[in-house]
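J.: For reference, the structure I am asking about is given below.
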Amino acid sequence: MYGHRFADGLAAHSSLPEPIITPTTKAQNGAHDEPLSCAQVVQRGLVDEAPWRAVCAAALALFSRGREVAAAAGLALADPKYECGVDGDGRLVLRDEMHTPDASRKLAAA
């Protein structure tokens, strides 16, 4: 899944040992988003390698902080969505809300 292999016996809805990046394309006309591996994002020319590494690092840092804040409230943050883009000066920007029920697949009691 997304270019990752998971350990045998991993139960559904259990925590992974380390966070992973699960990119998708943005589908057109109501179609389903397409899951990609991180390598495919670069291979298809969707994002150059250096900015893609920056996106991944930012996503992992945001997730780490989000987990800390959620845990302090007795919640577990899982599968958040981060929408990134580039501004007119070429700087990486977060384009959408984060860690809300709409932008996170699961925010539940820990």
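By convention here, the chains of the structure tokens are called A, B, ... in the order presented, each chain's residues are numbered starting at 1, and ligands are numbered starting at 1 in the order presented.
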Identify, with DSSP run on backbone atoms, the residues in segment 12-108 of chain A assigned to strand (DSSP E), and express the list as a list of chain:residue names.

T.: A:Leu75, A:Ala76, A:Leu77, A:Ala78, A:Asp79, A:Pro80, A:Cys84, A:Gly85, A:Val86, A:Leu92, A:Val93, A:Leu94, A:Ser104, A:Arg105, A:Lys106, A:Leu107, A:Ala108

J.: Just all heavy atoms for this one: save the residues we selected as a short mmCIF file (atom, residue, chain, number, x, y, z; two decimals), in the first residue's frame.

T.:
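Output file out-v3.cif follows:
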data_model
loop_
_atom_site.label_atom_id
_atom_site.label_comp_id
_atom_site.auth_asym_id
_atom_site.auth_seq_id
_atom_site.Cartn_x
_atom_site.Cartn_y
_atom_site.Cartn_z
N LEU A 75 -6.98 12.35 23.15
CA LEU A 75 -7.38 11.90 21.82
C LEU A 75 -6.21 11.29 21.08
O LEU A 75 -5.05 11.54 21.42
CB LEU A 75 -7.94 13.06 21.00
CG LEU A 75 -9.15 13.78 21.58
CD1 LEU A 75 -9.43 15.05 20.80
CD2 LEU A 75 -10.36 12.86 21.59
N ALA A 76 -6.49 10.52 20.04
CA ALA A 76 -5.47 9.97 19.15
C ALA A 76 -5.72 10.54 17.76
O ALA A 76 -6.85 10.52 17.27
CB ALA A 76 -5.55 8.45 19.12
N LEU A 77 -4.69 11.05 17.13
CA LEU A 77 -4.78 11.59 15.78
C LEU A 77 -4.30 10.53 14.81
O LEU A 77 -3.22 9.97 14.98
CB LEU A 77 -3.89 12.84 15.68
CG LEU A 77 -3.78 13.51 14.32
CD1 LEU A 77 -5.13 14.09 13.90
CD2 LEU A 77 -2.72 14.59 14.35
N ALA A 78 -5.10 10.25 13.79
CA ALA A 78 -4.70 9.24 12.81
C ALA A 78 -5.07 9.71 11.40
O ALA A 78 -6.12 10.31 11.19
CB ALA A 78 -5.39 7.92 13.10
N ASP A 79 -4.18 9.46 10.47
CA ASP A 79 -4.40 9.68 9.04
C ASP A 79 -4.85 11.09 8.69
O ASP A 79 -5.83 11.28 7.99
CB ASP A 79 -5.41 8.65 8.52
CG ASP A 79 -5.38 8.52 7.01
OD1 ASP A 79 -4.36 8.92 6.40
OD2 ASP A 79 -6.37 8.04 6.43
N PRO A 80 -4.10 12.10 9.15
CA PRO A 80 -4.47 13.46 8.76
C PRO A 80 -4.12 13.73 7.30
O PRO A 80 -3.28 13.06 6.72
CB PRO A 80 -3.64 14.34 9.69
CG PRO A 80 -2.42 13.52 9.97
CD PRO A 80 -2.91 12.09 10.01
N CYS A 84 -0.58 20.74 0.49
CA CYS A 84 0.52 21.70 0.35
C CYS A 84 0.54 22.26 -1.06
O CYS A 84 0.06 21.64 -2.00
CB CYS A 84 1.85 21.01 0.65
SG CYS A 84 1.95 20.37 2.32
N GLY A 85 1.13 23.42 -1.17
CA GLY A 85 1.30 24.06 -2.46
C GLY A 85 2.53 24.95 -2.42
O GLY A 85 3.28 24.94 -1.46
N VAL A 86 2.70 25.73 -3.46
CA VAL A 86 3.83 26.65 -3.56
C VAL A 86 3.24 28.02 -3.86
O VAL A 86 2.37 28.17 -4.72
CB VAL A 86 4.79 26.21 -4.69
CG1 VAL A 86 5.91 27.20 -4.86
CG2 VAL A 86 5.32 24.82 -4.41
N LEU A 92 7.04 26.79 0.05
CA LEU A 92 6.08 25.76 0.42
C LEU A 92 5.07 26.34 1.39
O LEU A 92 5.44 27.00 2.35
CB LEU A 92 6.83 24.58 1.07
CG LEU A 92 5.99 23.43 1.58
CD1 LEU A 92 5.28 22.72 0.43
CD2 LEU A 92 6.88 22.43 2.33
N VAL A 93 3.79 26.11 1.13
CA VAL A 93 2.73 26.60 2.01
C VAL A 93 1.73 25.47 2.28
O VAL A 93 1.52 24.61 1.44
CB VAL A 93 1.98 27.82 1.43
CG1 VAL A 93 2.90 29.02 1.34
CG2 VAL A 93 1.37 27.51 0.08
N LEU A 94 1.13 25.50 3.46
CA LEU A 94 0.03 24.61 3.80
C LEU A 94 -1.24 25.27 3.27
O LEU A 94 -1.51 26.42 3.57
CB LEU A 94 -0.04 24.42 5.31
CG LEU A 94 -1.03 23.41 5.83
CD1 LEU A 94 -0.67 22.01 5.34
CD2 LEU A 94 -1.03 23.44 7.36
N SER A 104 -8.80 15.09 9.03
CA SER A 104 -8.20 13.91 9.66
C SER A 104 -9.22 12.79 9.60
O SER A 104 -10.38 12.99 9.93
CB SER A 104 -7.81 14.19 11.12
OG SER A 104 -6.87 15.22 11.18
N ARG A 105 -8.77 11.64 9.18
CA ARG A 105 -9.70 10.53 9.03
C ARG A 105 -10.25 10.04 10.38
O ARG A 105 -11.34 9.58 10.47
CB ARG A 105 -9.04 9.35 8.34
CG ARG A 105 -8.40 9.68 7.02
CD ARG A 105 -9.41 10.06 5.95
NE ARG A 105 -8.76 10.19 4.67
CZ ARG A 105 -8.38 11.33 4.14
NH1 ARG A 105 -8.54 12.45 4.78
NH2 ARG A 105 -7.81 11.37 2.96
N LYS A 106 -9.43 10.17 11.41
CA LYS A 106 -9.87 9.66 12.69
C LYS A 106 -9.28 10.52 13.80
O LYS A 106 -8.10 10.74 13.88
CB LYS A 106 -9.38 8.21 12.87
CG LYS A 106 -9.96 7.53 14.08
CD LYS A 106 -9.47 6.11 14.19
CE LYS A 106 -10.21 5.24 13.19
NZ LYS A 106 -9.90 3.84 13.32
N LEU A 107 -10.13 11.03 14.63
CA LEU A 107 -9.71 11.75 15.82
C LEU A 107 -10.61 11.19 16.92
O LEU A 107 -11.80 11.50 16.99
CB LEU A 107 -9.93 13.25 15.64
CG LEU A 107 -9.37 14.18 16.68
CD1 LEU A 107 -7.86 13.98 16.84
CD2 LEU A 107 -9.64 15.62 16.34
N ALA A 108 -10.07 10.29 17.71
CA ALA A 108 -10.90 9.54 18.65
C ALA A 108 -10.22 9.49 20.01
O ALA A 108 -9.04 9.79 20.16
CB ALA A 108 -11.11 8.13 18.12
#

J.: Give me every helix (DSSP H, G or I) residue in chain A, going by DSSP on the backbone, as JSON, numbers by chain.

T.: {"A": [38, 39, 40, 41, 42, 43, 49, 50, 51, 52, 53, 54, 55, 56, 57, 58, 59, 60, 61, 62, 63, 64, 65, 66, 67, 68, 69, 70, 71, 72]}

J.: Rounded to one decimal, what separation in Å do you get between atom CA of Gly45 of chain A and atom CA of Lys26 of chain A?

T.: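 So the answer is 14.4 Å.
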
J.: For Leu46 of chain A, which residue among A:Ala31, A:Thr100, A:Thr25, A:Ala73 is the nearest when counting only C-alpha atoms?

T.: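 When distances to Leu46 of chain A are compared using only C-alpha atoms, the smallest one comes from A:Thr25.
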
J.: Measuring between only C-alpha atoms, which one of A:Pro101, A:Phe63, A:Asp96, A:Pro51 shows the shortest distance to Glu18 of chain A?

T.: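 Looking only at the distances to Glu18 of chain A, the closest residue turns out to be A:Phe63.
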
J.: Would you list the contacts of Ala7 of chain A as a ChimeraX atom specification, taking every protein, DNA or RNA residue within 12 Å and counting only C-alpha atoms, but skipping same-chain residues closer than 5 positions in sequence?

T.: /A:12,14-17

J.: How about saving the chosen residues, C-alpha atoms kept, as a CSV table (one decimal), in the first residue's frame?

T.:
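And here's selection_29.csv as it stands now:
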chain,number,residue,atom,x,y,z
A,12,ALA,CA,-6.6,-3.1,11.5
A,14,SER,CA,-3.6,-0.3,15.2
A,15,SER,CA,-0.8,2.2,15.4
A,16,LEU,CA,2.1,1.8,13.1
A,17,PRO,CA,5.6,1.7,14.6

J.: Could you please determine the separation between atom CA of Pro23 of chain A and atom CA of Ser37 of chain A in Å, to one decimal place?

T.: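 If I compute the distance from atom CA of Pro23 of chain A to atom CA of Ser37 of chain A, I get 6.6 Å.
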
J.: Got a sec: who's within 12 Å of Arg53 of chain A, counting only C-alpha atoms, leaving out chain neighbours fewer than 5 positions off, as a compact mmCIF listing (two decimals) with all heavy atoms, in the first residue's frame?

T.:
# COMPACT_ATOMS: atom_id res chain seq x y z
N ILE A 21 4.10 8.36 5.00
CA ILE A 21 3.50 9.32 4.07
C ILE A 21 2.68 8.52 3.06
O ILE A 21 3.16 7.54 2.48
CB ILE A 21 4.59 10.12 3.33
CG1 ILE A 21 5.52 10.84 4.32
CG2 ILE A 21 3.98 11.08 2.32
CD1 ILE A 21 4.89 11.96 5.09
N CYS A 38 5.71 7.43 -2.59
CA CYS A 38 6.51 8.67 -2.60
C CYS A 38 7.39 8.73 -3.84
O CYS A 38 7.56 9.79 -4.45
CB CYS A 38 7.35 8.75 -1.32
SG CYS A 38 6.35 9.11 0.15
N ALA A 39 7.93 7.58 -4.25
CA ALA A 39 8.77 7.55 -5.45
C ALA A 39 7.97 7.93 -6.69
O ALA A 39 8.47 8.64 -7.56
CB ALA A 39 9.39 6.16 -5.61
N VAL A 41 5.48 9.99 -6.92
CA VAL A 41 5.24 11.43 -6.93
C VAL A 41 6.36 12.12 -7.71
O VAL A 41 6.11 12.97 -8.57
CB VAL A 41 5.15 11.99 -5.50
CG1 VAL A 41 5.13 13.51 -5.51
CG2 VAL A 41 3.92 11.45 -4.79
N VAL A 42 7.59 11.73 -7.44
CA VAL A 42 8.75 12.33 -8.12
C VAL A 42 8.88 11.77 -9.54
O VAL A 42 9.09 12.53 -10.50
CB VAL A 42 10.04 12.08 -7.31
CG1 VAL A 42 11.27 12.58 -8.06
CG2 VAL A 42 9.94 12.77 -5.94
N VAL A 47 6.06 16.57 -8.47
CA VAL A 47 6.86 17.46 -7.62
C VAL A 47 8.32 17.03 -7.79
O VAL A 47 8.61 15.84 -7.83
CB VAL A 47 6.46 17.33 -6.13
CG1 VAL A 47 7.29 18.25 -5.26
CG2 VAL A 47 4.98 17.61 -5.93
N ASP A 48 9.22 17.99 -7.88
CA ASP A 48 10.65 17.66 -7.94
C ASP A 48 11.09 17.07 -6.60
O ASP A 48 10.45 17.27 -5.57
CB ASP A 48 11.48 18.91 -8.25
CG ASP A 48 11.28 19.39 -9.68
OD1 ASP A 48 10.91 18.57 -10.54
OD2 ASP A 48 11.49 20.60 -9.92
N ALA A 58 7.84 18.30 6.44
CA ALA A 58 6.84 19.16 7.05
C ALA A 58 5.64 18.34 7.53
O ALA A 58 5.13 18.56 8.64
CB ALA A 58 6.40 20.24 6.06
N ALA A 59 5.19 17.40 6.71
CA ALA A 59 4.04 16.57 7.09
C ALA A 59 4.34 15.76 8.34
O ALA A 59 3.50 15.67 9.25
CB ALA A 59 3.65 15.65 5.93
N LEU A 60 5.52 15.17 8.41
CA LEU A 60 5.87 14.38 9.60
C LEU A 60 5.99 15.26 10.84
O LEU A 60 5.57 14.87 11.93
CB LEU A 60 7.16 13.61 9.35
CG LEU A 60 7.04 12.49 8.31
CD1 LEU A 60 8.41 11.91 7.99
CD2 LEU A 60 6.07 11.40 8.75
N LEU A 92 7.04 26.79 0.05
CA LEU A 92 6.08 25.76 0.42
C LEU A 92 5.07 26.34 1.39
O LEU A 92 5.44 27.00 2.35
CB LEU A 92 6.83 24.58 1.07
CG LEU A 92 5.99 23.43 1.58
CD1 LEU A 92 5.28 22.72 0.43
CD2 LEU A 92 6.88 22.43 2.33
